[in-house]
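J.: So here's run00.txt (compact mmCIF, C-alpha atoms).
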# COMPACT_ATOMS: atom_id res chain seq x y z
CA MET V 1 116.11 145.40 71.38
CA GLN V 2 119.25 143.65 72.60
CA ASN V 3 118.27 144.36 76.17
CA ILE V 4 114.92 142.69 75.67
CA ILE V 5 116.54 139.62 74.15
CA ARG V 6 119.01 139.45 77.03
CA LEU V 7 116.16 139.80 79.51
CA ILE V 8 114.36 136.87 77.89
CA GLN V 9 117.56 134.80 77.86
CA ASN V 10 118.26 135.45 81.51
CA ASN V 11 114.74 134.66 82.66
CA SER V 12 113.90 131.86 80.24
CA ASN V 13 113.16 129.37 83.03
CA LEU V 14 110.80 131.76 84.79
CA LEU V 15 109.04 132.50 81.50
CA LEU V 16 108.66 128.79 80.75
CA PHE V 17 107.25 128.28 84.24
CA LEU V 18 104.74 131.09 83.83
CA PHE V 19 103.84 129.85 80.36
CA ILE V 20 103.05 126.33 81.61
CA GLN V 21 101.08 127.70 84.58
CA ILE V 22 98.99 129.96 82.35
CA ILE V 23 98.26 127.09 79.98
CA SER V 24 97.27 124.76 82.79
CA PHE V 25 95.01 127.39 84.38
CA ALA V 26 93.37 128.00 81.01
CA LEU V 27 92.81 124.26 80.72
CA ILE V 28 91.38 124.06 84.26
CA PHE V 29 88.87 126.87 83.73
CA ASN V 30 87.95 125.72 80.27
CA TRP V 31 87.36 122.25 81.71
CA ARG V 32 85.28 123.54 84.60
CA ASN V 33 83.12 125.97 82.67
CA THR V 34 82.15 124.10 79.55
CA LEU V 35 81.29 120.63 80.92
CA HIS V 36 81.32 119.51 77.29
CA HIS V 37 84.58 117.67 77.59
CA SER V 38 86.34 116.37 74.57
CA SER V 39 86.45 112.63 74.93
CA PHE V 40 90.00 112.55 73.58
CA LEU V 41 91.42 114.31 76.63
CA SER V 42 89.52 112.40 79.30
CA SER V 43 89.17 108.96 80.79
CA SER V 44 86.34 108.16 78.39
CA ASN V 45 88.86 107.50 75.63
CA TYR V 46 89.58 103.91 74.78
CA VAL V 47 93.06 103.36 76.22
CA LEU V 48 92.44 104.84 79.67
CA GLY V 49 88.95 103.36 79.77
CA SER V 50 90.19 99.84 79.23
CA ALA V 51 92.86 100.27 81.92
CA LEU V 52 90.17 101.37 84.38
CA GLU V 53 87.89 98.52 83.33
CA LEU V 54 90.66 95.97 83.97
CA ASN V 55 91.05 97.42 87.47
CA SER V 56 87.31 97.26 88.08
CA ASN V 57 87.11 93.67 86.84
CA VAL V 58 89.50 92.65 89.59
CA SER V 59 88.17 94.81 92.40
CA SER V 60 84.45 94.24 91.80
CA TYR V 61 84.73 90.71 93.24
CA PHE V 62 85.47 92.12 96.67
CA ASN V 63 82.13 93.90 96.83
CA LEU V 64 79.73 91.24 95.58
CA ALA V 65 77.92 91.03 98.92
CA GLU V 66 77.36 94.79 98.98
CA THR V 67 76.18 94.81 95.35
CA ASN V 68 73.75 91.97 96.01
CA LYS V 69 72.27 93.80 98.94
CA GLY V 70 71.67 96.84 96.76
CA LEU V 71 69.98 94.76 94.06
CA VAL V 72 67.67 93.11 96.60
CA GLU V 73 66.68 96.54 97.98
CA GLU V 74 65.96 97.76 94.48
CA ASN V 75 63.92 94.69 93.60
CA LYS V 76 61.79 95.18 96.68
CA ASP V 77 61.20 98.78 95.68
CA LEU V 78 60.28 97.85 92.09
CA LYS V 79 57.89 95.11 93.25
CA SER V 80 55.99 97.57 95.41
CA LYS V 81 55.81 100.02 92.48
CA ILE V 82 54.53 97.43 90.02
CA HIS V 83 51.71 96.32 92.28
CA ASN V 84 50.67 99.87 92.94
CA GLN V 85 50.63 100.82 89.27
CA GLU V 86 47.38 99.06 88.47
CA ILE V 87 44.38 100.72 90.02
CA ILE V 88 41.21 98.64 89.85
CA LEU V 89 38.27 100.88 89.05
CA SER V 90 35.67 98.17 89.10
CA ASN V 91 35.73 94.44 88.66
CA ASP V 92 36.62 94.70 84.98
CA PHE V 93 38.62 97.82 84.40
CA VAL V 94 42.29 98.32 85.06
CA PHE V 95 43.71 101.80 84.80
CA LEU V 96 47.41 102.08 84.02
CA ASN V 97 49.09 104.89 85.87
CA ASP V 98 50.63 106.48 82.77
CA SER V 99 49.14 109.34 80.82
CA VAL V 100 50.94 108.88 77.50
CA PHE V 101 50.45 105.12 77.12
CA LYS V 102 53.93 104.87 75.77
CA LYS V 103 57.18 104.03 77.47
CA GLN V 104 58.70 107.38 78.22
CA TYR V 105 61.91 106.31 79.90
CA LYS V 106 64.31 103.63 78.74
CA PHE V 107 67.09 102.28 80.94
CA LEU V 108 70.48 100.97 79.93
CA HIS V 109 72.52 99.03 82.44
CA ALA V 110 76.14 100.12 82.83
CA LYS V 111 79.00 99.11 85.08
CA ILE V 112 80.84 101.86 86.92
CA ILE V 113 84.48 101.10 86.26
CA SER V 114 86.00 104.02 88.11
CA SER V 115 84.66 106.27 90.84
CA GLN V 116 86.40 109.11 92.64
CA PHE V 117 85.27 110.49 95.97
CA LYS V 118 88.26 112.21 97.58
CA ASN V 119 88.63 115.29 95.40
CA ARG V 120 86.47 118.36 94.94
CA GLU V 121 85.95 117.46 91.30
CA ASN V 122 85.04 113.82 91.16
CA PHE V 123 84.02 111.90 88.06
CA LEU V 124 82.67 108.43 87.39
CA ILE V 125 83.45 106.35 84.30
CA LEU V 126 80.85 104.00 82.79
CA ASN V 127 81.58 101.12 80.44
CA GLN V 128 78.91 102.17 77.93
CA GLY V 129 79.50 104.71 75.18
CA ARG V 130 78.28 106.08 71.89
CA LYS V 131 78.07 102.55 70.46
CA THR V 132 75.26 101.59 72.82
CA GLY V 133 73.45 104.90 72.47
CA VAL V 134 74.68 106.96 75.39
CA GLN V 135 74.53 110.71 74.73
CA GLN V 136 75.52 113.85 76.55
CA ASN V 137 73.15 115.15 79.27
CA MET V 138 71.53 111.79 79.95
CA GLY V 139 70.69 111.06 83.55
CA VAL V 140 72.33 108.22 85.51
CA ILE V 141 70.64 106.50 88.47
CA GLY V 142 71.82 103.64 90.65
CA ASN V 143 70.38 100.90 92.82
CA TYR V 144 69.51 103.30 95.63
CA GLY V 145 68.94 106.61 93.88
CA LEU V 146 70.34 109.49 91.87
CA ILE V 147 73.96 109.33 90.66
CA GLY V 148 74.62 112.10 88.13
CA VAL V 149 74.57 113.30 84.53
CA VAL V 150 76.64 112.12 81.55
CA VAL V 151 79.07 114.84 80.49
CA SER V 152 81.35 113.30 77.88
CA VAL V 153 80.91 110.28 75.68
CA GLY V 154 83.58 108.21 73.98
CA LYS V 155 83.03 105.31 71.63
CA TYR V 156 83.01 102.66 74.35
CA TYR V 157 83.16 104.64 77.61
CA SER V 158 81.52 107.73 79.03
CA SER V 159 82.18 109.94 82.03
CA VAL V 160 79.56 111.09 84.51
CA LEU V 161 79.33 114.25 86.59
CA PRO V 162 78.10 112.94 89.97
CA VAL V 163 76.33 114.81 92.75
CA ILE V 164 79.66 115.04 94.61
CA ASN V 165 81.22 117.45 92.13
CA SER V 166 81.29 121.17 92.88
CA ASN V 167 79.90 121.89 89.38
CA PHE V 168 76.75 119.81 89.89
CA GLU V 169 73.34 121.49 90.02
CA LEU V 170 69.86 119.98 89.70
CA ALA V 171 66.28 120.92 90.53
CA VAL V 172 64.90 118.59 93.22
CA ARG V 173 61.83 118.62 95.44
CA HIS V 174 60.75 117.81 98.96
CA LYS V 175 58.57 114.70 98.80
CA ASP V 176 55.87 115.68 101.31
CA SER V 177 55.32 119.33 100.37
CA LYS V 178 56.42 119.04 96.71
CA SER V 179 58.29 122.36 96.95
CA PHE V 180 61.30 122.84 94.72
CA GLY V 181 64.91 123.38 95.66
CA ILE V 182 68.30 123.26 93.99
CA LEU V 183 70.69 120.42 94.78
CA LYS V 184 74.34 121.48 95.08
CA TRP V 185 77.55 120.15 96.56
CA ALA V 186 78.79 122.89 98.87
CA THR V 187 82.36 123.27 100.10
CA ASN V 188 81.60 121.94 103.57
CA ASP V 189 80.02 118.74 102.26
CA ASN V 190 81.85 115.44 102.21
CA TRP V 191 81.21 112.51 99.87
CA LEU V 192 78.17 111.38 101.87
CA SER V 193 76.27 114.66 102.07
CA ALA V 194 74.93 117.43 99.84
CA THR V 195 73.02 120.70 100.18
CA VAL V 196 69.56 121.70 98.94
CA GLU V 197 69.09 125.45 98.58
CA ASP V 198 66.19 127.77 97.76
CA ILE V 199 63.46 125.97 99.71
CA PRO V 200 61.19 128.66 101.24
CA SER V 201 61.39 128.92 105.02
CA TYR V 202 57.63 128.49 105.66
CA ILE V 203 57.82 124.86 104.55
CA ASP V 204 57.99 122.38 107.39
CA ILE V 205 60.92 120.05 106.81
CA LYS V 206 61.70 117.40 109.40
CA ILE V 207 64.83 115.33 109.82
CA GLY V 208 64.48 112.09 107.88
CA ASP V 209 62.26 113.56 105.18
CA ILE V 210 62.88 112.43 101.62
CA ILE V 211 64.27 114.62 98.85
CA GLU V 212 63.58 113.33 95.33
CA THR V 213 64.03 114.44 91.72
CA SER V 214 61.38 116.79 90.35
CA GLY V 215 61.45 115.57 86.76
CA ALA V 216 61.30 119.16 85.54
CA SER V 217 64.37 119.02 83.34
CA GLY V 218 63.31 115.81 81.63
CA ILE V 219 66.67 114.22 82.37
CA PHE V 220 65.38 112.10 85.24
CA PRO V 221 61.99 110.53 85.87
CA LYS V 222 59.89 112.03 88.64
CA GLY V 223 60.46 110.78 92.15
CA VAL V 224 63.92 109.20 92.05
CA LEU V 225 65.36 109.16 95.58
CA VAL V 226 68.15 111.70 96.12
CA GLY V 227 68.67 111.50 99.87
CA LYS V 228 67.31 112.01 103.35
CA VAL V 229 67.36 115.22 105.36
CA ILE V 230 69.90 115.29 108.21
CA LYS V 231 69.98 118.99 109.09
CA VAL V 232 67.85 122.08 108.42
CA LEU V 233 69.44 125.53 108.74
CA PRO V 234 67.64 128.83 108.12
CA ILE V 235 69.75 131.27 106.09
CA GLU V 236 69.87 134.53 108.00
CA ALA V 237 68.08 137.60 106.59
CA THR V 238 66.50 135.60 103.76
CA GLN V 239 63.30 133.66 103.28
CA PHE V 240 65.05 130.43 102.42
CA LEU V 241 66.32 127.28 104.11
CA GLU V 242 69.58 125.46 103.67
CA VAL V 243 68.86 121.74 103.93
CA LYS V 244 71.67 119.21 104.40
CA ILE V 245 70.90 115.75 103.08
CA SER V 246 72.72 112.44 103.20
CA ILE V 247 73.08 111.10 99.66
CA ALA V 248 71.38 107.75 99.00
CA GLU V 249 74.31 106.41 97.00
CA ASP V 250 77.66 105.73 98.63
CA TYR V 251 80.22 106.80 96.04
CA ALA V 252 82.98 104.84 97.74
CA SER V 253 81.30 101.54 96.87
CA ILE V 254 79.22 101.93 93.74
CA TYR V 255 79.25 99.41 90.91
CA ASN V 256 75.95 99.38 89.02
CA ALA V 257 74.20 102.21 87.23
CA TYR V 258 71.37 102.76 84.77
CA VAL V 259 71.57 105.39 82.04
CA VAL V 260 68.16 107.03 81.59
CA LYS V 261 66.94 107.86 78.10
CA ASN V 262 63.89 110.08 77.83
CA GLU V 263 61.95 109.45 74.60
CA ASN V 264 60.09 112.74 74.95
CA LEU V 265 63.13 114.89 75.63
CA LYS V 266 62.96 116.57 72.21
CA ASP V 267 59.40 117.73 72.85
CA ILE V 268 60.34 119.08 76.27
CA GLN V 269 63.31 120.97 74.84
CA LEU V 270 61.17 122.35 72.00
CA ILE V 271 58.68 123.75 74.51
CA ASN V 272 61.47 125.18 76.64
CA ASN V 273 62.97 126.92 73.59
CA VAL V 274 59.60 128.44 72.67
CA GLU V 275 59.25 129.72 76.21
CA ASN V 276 62.69 131.28 76.15
CA ASP V 277 62.18 133.12 72.83
CA MET P 1 124.29 109.35 84.32
CA ILE P 2 120.53 109.10 84.58
CA ASN P 3 118.96 105.73 83.96
CA PHE P 4 115.93 106.83 81.97
CA PHE P 5 114.55 103.33 81.63
CA SER P 6 114.41 102.60 85.36
CA LYS P 7 113.05 106.09 86.08
CA SER P 8 110.18 105.73 83.62
CA LEU P 9 109.44 102.24 84.96
CA LEU P 10 109.35 103.70 88.47
CA PHE P 11 106.96 106.39 87.25
CA PHE P 12 104.55 103.82 85.85
CA VAL P 13 104.66 101.89 89.13
CA ILE P 14 103.91 105.09 91.09
CA LEU P 15 101.12 106.11 88.71
CA PHE P 16 99.60 102.66 89.10
CA ILE P 17 99.72 102.86 92.91
CA GLN P 18 98.34 106.42 92.94
CA ILE P 19 95.40 105.77 90.61
CA PHE P 20 94.40 102.23 91.49
CA PHE P 21 95.22 102.01 95.20
CA ILE P 22 95.45 105.36 96.95
CA ASP P 23 92.60 107.04 95.07
CA LYS P 24 90.34 103.99 95.53
CA MET P 25 91.05 103.38 99.22
CA ASP P 26 88.06 104.07 101.46
CA LEU P 27 88.89 104.92 105.08
CA GLY P 28 85.47 106.18 106.15
CA GLY P 29 85.71 109.37 108.16
CA LEU P 30 89.46 109.63 107.61
CA ASN P 31 89.08 110.04 103.85
CA TYR P 32 89.44 113.78 104.12
CA PHE P 33 92.92 113.38 105.58
CA PHE P 34 94.01 110.46 103.47
CA ALA P 35 94.46 111.75 99.95
CA PRO P 36 98.27 111.77 99.68
CA ILE P 37 99.87 112.71 96.35
CA ILE P 38 102.93 110.53 95.76
CA TYR P 39 103.58 110.92 92.04
CA GLY P 40 105.97 113.80 92.76
CA LEU P 41 108.56 111.31 94.05
CA ILE P 42 110.72 111.35 90.91
CA ILE P 43 110.65 115.14 90.45
CA ILE P 44 111.52 115.67 94.12
CA THR P 45 114.32 113.12 94.50
CA ILE P 46 115.96 113.04 91.05
CA GLN P 47 119.57 114.26 90.94
CA PRO P 48 119.94 118.06 90.89
CA SER P 49 122.21 118.17 87.82
CA ILE P 50 119.26 118.27 85.41
CA ASP P 51 118.49 121.64 83.83
CA LEU P 52 115.41 123.34 85.22
CA TRP P 53 113.60 123.60 81.90
CA ILE P 54 114.04 119.85 81.24
CA LEU P 55 112.76 119.11 84.73
CA MET P 56 109.70 121.30 84.13
CA LEU P 57 108.95 119.59 80.82
CA ILE P 58 109.19 116.18 82.52
CA ALA P 59 106.82 117.48 85.19
CA LEU P 60 104.44 118.65 82.46
CA ILE P 61 104.29 115.17 80.89
CA MET P 62 103.91 113.39 84.23
CA GLY P 63 101.20 115.79 85.39
CA LEU P 64 99.28 115.37 82.15
CA SER P 65 99.33 111.58 82.41
CA ILE P 66 97.93 111.74 85.96
CA ASP P 67 95.35 114.31 84.84
CA LEU P 68 94.07 112.02 82.09
CA PHE P 69 93.24 109.34 84.64
CA ARG P 70 91.72 111.71 87.17
CA ASN P 71 89.69 113.65 84.59
CA THR P 72 90.97 117.01 85.86
CA ILE P 73 92.95 118.46 82.96
CA GLY P 74 95.47 121.08 84.12
CA LEU P 75 95.25 120.62 87.89
CA ASN P 76 98.06 118.13 88.38
CA ILE P 77 100.20 119.77 85.67
CA SER P 78 100.11 123.06 87.53
CA ALA P 79 100.93 121.47 90.90
CA LEU P 80 103.82 119.32 89.65
CA VAL P 81 105.42 122.09 87.59
CA MET P 82 105.21 124.26 90.71
CA VAL P 83 107.18 121.62 92.61
CA ALA P 84 109.78 121.39 89.84
CA PHE P 85 110.21 125.16 89.75
CA PHE P 86 110.75 125.47 93.50
CA LYS P 87 113.12 122.50 93.76
CA TYR P 88 116.43 124.31 93.15
CA PRO P 89 115.70 127.47 95.17
CA ILE P 90 114.73 125.34 98.17
CA LEU P 91 117.74 123.06 97.79
CA ASN P 92 120.04 126.10 97.69
CA PHE P 93 118.27 127.63 100.65
CA LEU P 94 118.41 124.51 102.84
CA PHE P 95 121.92 123.31 101.94
CA PRO P 96 123.88 126.43 100.98
CA ARG P 97 127.30 124.78 100.72
CA ASP P 98 128.13 121.22 99.65
CA GLY P 99 125.02 119.76 101.24
CA TYR P 100 124.46 117.36 98.37
CA ASP P 101 126.20 115.74 95.43
CA PRO P 102 124.55 117.05 92.23
CA LEU P 103 125.30 113.80 90.42
CA LYS P 104 123.46 111.55 92.89
CA ASP P 105 119.75 111.15 93.62
CA LEU P 106 118.51 112.84 96.78
CA THR P 107 118.11 109.72 98.93
CA PRO P 108 118.53 109.50 102.73
CA THR P 109 121.95 107.84 102.40
CA ASN P 110 123.21 110.58 100.08
CA ILE P 111 122.03 113.65 101.99
CA GLY P 112 121.36 112.29 105.50
CA TRP P 113 118.10 111.35 107.18
CA ASN P 114 117.41 114.69 108.86
CA ASN P 115 118.04 116.69 105.70
CA TYR P 116 115.95 114.25 103.70
CA PHE P 117 112.94 114.53 105.99
CA PHE P 118 113.15 118.30 106.10
CA TYR P 119 113.64 118.81 102.37
CA VAL P 120 111.06 116.27 101.21
CA PHE P 121 108.46 117.52 103.69
CA ILE P 122 108.76 121.08 102.42
CA MET P 123 108.49 119.97 98.79
CA LEU P 124 105.49 117.76 99.53
CA PHE P 125 103.83 120.55 101.45
CA ILE P 126 104.17 122.89 98.45
CA HIS P 127 102.74 120.22 96.21
CA HIS P 128 99.74 119.40 98.43
CA PHE P 129 98.94 122.96 99.42
CA TRP P 130 98.98 124.28 95.88
CA PHE P 131 96.96 121.31 94.65
CA PHE P 132 94.23 121.65 97.29
CA LEU P 133 94.14 125.43 96.87
CA ILE P 134 93.49 125.41 93.11
CA GLU P 135 91.19 122.42 93.47
CA ASP P 136 88.88 124.37 95.82
CA PHE P 137 89.65 127.81 94.40
CA HIS P 138 88.41 129.94 97.24
CA PHE P 139 90.03 130.99 100.45
CA ASN P 140 87.35 130.77 103.14
CA GLN P 141 88.58 127.47 104.57
CA LEU P 142 92.25 128.24 104.45
CA PHE P 143 93.11 126.79 107.86
CA GLN P 144 91.42 123.51 107.08
CA LEU P 145 93.29 123.32 103.77
CA PHE P 146 96.51 123.98 105.64
CA LEU P 147 95.83 121.15 108.08
CA LYS P 148 94.83 118.81 105.28
CA ALA P 149 98.01 119.62 103.36
CA ILE P 150 100.25 119.04 106.41
CA ILE P 151 98.68 115.69 107.34
CA ASN P 152 98.71 114.42 103.78
CA SER P 153 102.33 115.54 103.37
CA ILE P 154 103.29 113.48 106.43
CA VAL P 155 101.47 110.42 105.04
CA ALA P 156 103.17 110.87 101.65
CA LEU P 157 106.56 111.32 103.33
CA PHE P 158 106.03 108.03 105.15
CA MET P 159 105.29 106.36 101.79
CA PHE P 160 108.42 107.84 100.25
CA VAL P 161 110.52 106.27 103.02
CA LEU P 162 108.79 102.93 102.40
CA PHE P 163 109.61 103.29 98.70
CA TYR P 164 113.23 103.96 99.55
CA PHE P 165 113.51 100.80 101.65
CA LEU P 166 111.72 98.74 98.99
CA SER P 167 113.98 99.98 96.20
CA ARG P 168 117.06 99.16 98.33
CA LYS P 169 115.71 95.64 98.90
CA ILE P 170 115.18 95.16 95.16
CA LYS P 171 118.71 96.27 94.33
Output the file's structure as structure tokens, nothing else.
T.:
Amino acid sequence: MQNIIRLIQNNSNLLLFLFIQIISFALIFNWRNTLHHSSFLSSSNYVLGSALELNSNVSSYFNLAETNKGLVEENKDLKSKIHNQEIILSNDFVFLNDSVFKKQYKFLHAKIISSQFKNRENFLILNQGRKTGVQQNMGVIGNYGLIGVVVSVGKYYSSVLPVINSNFELAVRHKDSKSFGILKWATNDNWLSATVEDIPSYIDIKIGDIIETSGASGIFPKGVLVGKVIKVLPIEATQFLEVKISIAEDYASIYNAYVVKNENLKDIQLINNVEND
Amino acid sequence: MINFFSKSLLFFVILFIQIFFIDKMDLGGLNYFFAPIIYGLIIITIQPSIDLWILMLIALIMGLSIDLFRNTIGLNISALVMVAFFKYPILNFLFPRDGYDPLKDLTPTNIGWNNYFFYVFIMLFIHHFWFFLIEDFHFNQLFQLFLKAIINSIVALFMFVLFYFLSRKIK
């Protein structure tokens, strides 16, 4: 017994070191695997959020030109969508291009007060939280295209898992052929590119083709731009392609975002649960 | 005697620079090689008379406060405590006999420029390499990680020297 106590006394520093390392590794893996982060231990809590917002209030002035350009692009896009929505059947009838006749998606504007792009695990912080109705697993899109998914919500701030995080995964589709793939951020991607896997190799994908959201999960509307194809690589000995895309959003200069709320999400989840049982 | 007030002030200044300047800076294609970690400055250069367990607890608190801002709980704690743990073995290995005064901070004037560069570079390399390794958590791009760690260590070392000159100006 005495020997054991002496052993602990002699190696107390080493034991403390190992103890802290084990705790931090447990925290890392817990953090990576759950994705349901407690808002107390993250930047979506009030104190850190307001520090980041102060920083963004100062730095956002330097990028007004860039932000304006993005808004003009988006406006152009929306205009073209609005005028194509009404299909004239005859002189009198106007058919609205919506099957439910109810607004399915609602959008909430949010400012991005902090964005990371240098690490392997990047997060964005939005200045909207539980108070304005943001919930976990809501989609976030920007002026140009897809941004990410909300992972933790505080009272006034929330943090977003963007495409450029190694934990990100989403079903997307190729616009021309409508075939599905899975969007991931592989280890050889930088903050401007991402990888789409599981597209069958018989599908003809050209450089410059558009990859968009499939709308299958109900988090995002159908057809939100994700990126453009820059490289197509066949995976050896399989029937699938590995497609490299350039992401539409530039995470190094990103200031505006819209949180997507799907009014029919409960129905979609109900059906999914029935299918799984 | 350690001036705790000035040290904690210095830590807040470094945290501010790390989070709001270095992490936000966009250098285009060079981004991959410009992600220096400078918040280890205090742990690396504080006087060696502090007990190891106190140093590790300080590292724990500093790492946690960086983690909260970067939204990566545990990553920076692990890296900074690693640096604190290896500080004394490396000091004893590099300067076996009277290389430094344990009651003074490890600045270039106290231990000499050559020793300072050598010692700080090794500590920074440990910090960067361990950080990038557990951030990626697989080993198939080990050489690239190695290169990234070396280049970022050199950038961080350069910043440490700038800090040293600035702090001398302020005094």
J.: Can you pull out the residues contacting Leu64 (chain P)? Cut-off 7 Å, using only C-alpha atoms, and skip same-chain residues under 3 positions away; I want them as a VMD selection string.
T.: chain P and resid 60 to 61 67 to 68 76 to 77
J.: Kindly assemble as a Markdown table a list of the chain P residues that lie within 6 Å of chain V, each paired with its nearest atom pair and their distance in Å to one decimal, using all atoms listed in the file, sorted first by chain and then by ascending residue number.
T.:
| residue | atom | partner | partner_atom | distance |
| --- | --- | --- | --- | --- |
| P:Trp53 | CA | V:Asn13 | CA | 5.9 |
| P:Leu68 | CA | V:Ser42 | CA | 5.4 |
| P:Phe69 | CA | V:Ser43 | CA | 5.6 |
| P:Asn71 | CA | V:Ser42 | CA | 5.4 |
| P:Ile73 | CA | V:Ile28 | CA | 6.0 |
| P:Gly74 | CA | V:Ser24 | CA | 4.3 |
| P:Ser78 | CA | V:Gln21 | CA | 5.6 |
J.: Create the file for the chosen residues now, containing C-alpha atoms and written as a PDB file, keeping the file's coordinate frame.
T.:
ATOM      1  CA  TRP P  53     113.600 123.600  81.900  1.00  0.00           C
ATOM      2  CA  LEU P  68      94.070 112.020  82.090  1.00  0.00           C
ATOM      3  CA  PHE P  69      93.240 109.340  84.640  1.00  0.00           C
ATOM      4  CA  ASN P  71      89.690 113.650  84.590  1.00  0.00           C
ATOM      5  CA  ILE P  73      92.950 118.460  82.960  1.00  0.00           C
ATOM      6  CA  GLY P  74      95.470 121.080  84.120  1.00  0.00           C
ATOM      7  CA  SER P  78     100.110 123.060  87.530  1.00  0.00           C
TER       8      SER P  78
END
J.: For Ile111 (chain P), please output as a CSV table (one decimal) with C-alpha atoms, keeping the file's coordinate frame all residues within 12 Å (counting all atoms listed in the file; exclusion window: fewer than 6 positions along the same chain).
T.:
chain,number,residue,atom,x,y,z
P,45,THR,CA,114.3,113.1,94.5
P,47,GLN,CA,119.6,114.3,90.9
P,91,LEU,CA,117.7,123.1,97.8
P,94,LEU,CA,118.4,124.5,102.8
P,95,PHE,CA,121.9,123.3,101.9
P,98,ASP,CA,128.1,121.2,99.6
P,99,GLY,CA,125.0,119.8,101.2
P,100,TYR,CA,124.5,117.4,98.4
P,101,ASP,CA,126.2,115.7,95.4
P,102,PRO,CA,124.6,117.0,92.2
P,104,LYS,CA,123.5,111.6,92.9
P,105,ASP,CA,119.8,111.2,93.6
P,117,PHE,CA,112.9,114.5,106.0
P,118,PHE,CA,113.2,118.3,106.1
P,119,TYR,CA,113.6,118.8,102.4
P,120,VAL,CA,111.1,116.3,101.2
J.: From the list V:Glu169, V:Lys79, V:Tyr255, V:Ala194, which residue is nearest Ile182 (chain V) when using only C-alpha atoms?
T.: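 Counting only C-alpha atoms, the residue closest to Ile182 (chain V) is V:Glu169.
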J.: Hey, which of V:Asn276, V:Ser217, V:Asn127, V:Glu249 ends up closest to Val153 (chain V)? Count all atoms listed in the file.
T.: V:Asn127
J.: So how far away is CA of Ala216 (chain V) from CA of Asp250 (chain V), in Å?
T.: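 CA of Ala216 (chain V) lies 24.9 Å from CA of Asp250 (chain V).
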J.: Can you tell me which residues surround Tyr46 (chain V) at a distance of at most 9 Å, considering all atoms listed in the file, apart from same-chain residues fewer than 4 positions away, and format the answer as a list in words?
T.: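 With the cut-off at 9 Å, the set is Phe40, Ser50, Ala51, Gly154, Lys155, Tyr156 and Tyr157 of chain V.
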J.: Could you work out how far CA of Leu80 (chain P) lies from CA of Ala59 (chain P), giving the answer in Å with one decimal?
T.: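 So the answer is 5.7 Å.
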J.: Identify, on the basis of only C-alpha atoms, every residue whose closest approach to region 234-242 of chain V does not exceed 8 Å; exclude the query and any residue fewer than 5 positions from it along the same chain; express the result as a list in words.
T.: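 Residues near the query, excluding close chain neighbours: Thr195, Val196, Glu197, Asp198, Ile199, Pro200 and Ser201 of chain V.
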J.: Rounded to one decimal place, report the CA of Ile141 (chain V)-CA of Asn68 (chain V) distance in Å.
T.: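 Interatomic distance, CA of Ile141 (chain V) to CA of Asn68 (chain V): 16.7 Å.
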J.: Do a neighbour search on Phe132 (chain P) at 12 Å with only C-alpha atoms, toss out local chain neighbours closer than 5 positions, and write the hits as an NGL selection string.
T.: (:V and (118-121)) or (:P and (32-33 or 35-37 or 75-76 or 78-79 or 125-127 or 137-139 or 141-150 or 152-153))
J.: Using all atoms of region 94-100 of chain P listed in the file and a margin of 4 Å per side, can you give the axis-aligned box centre and edge lengths in Å to one decimal, as AutoDock Vina command-line options?
T.:
--center_x 123.3 --center_y 121.9 --center_z 100.6 --size_x 17.7 --size_y 17.1 --size_z 12.5
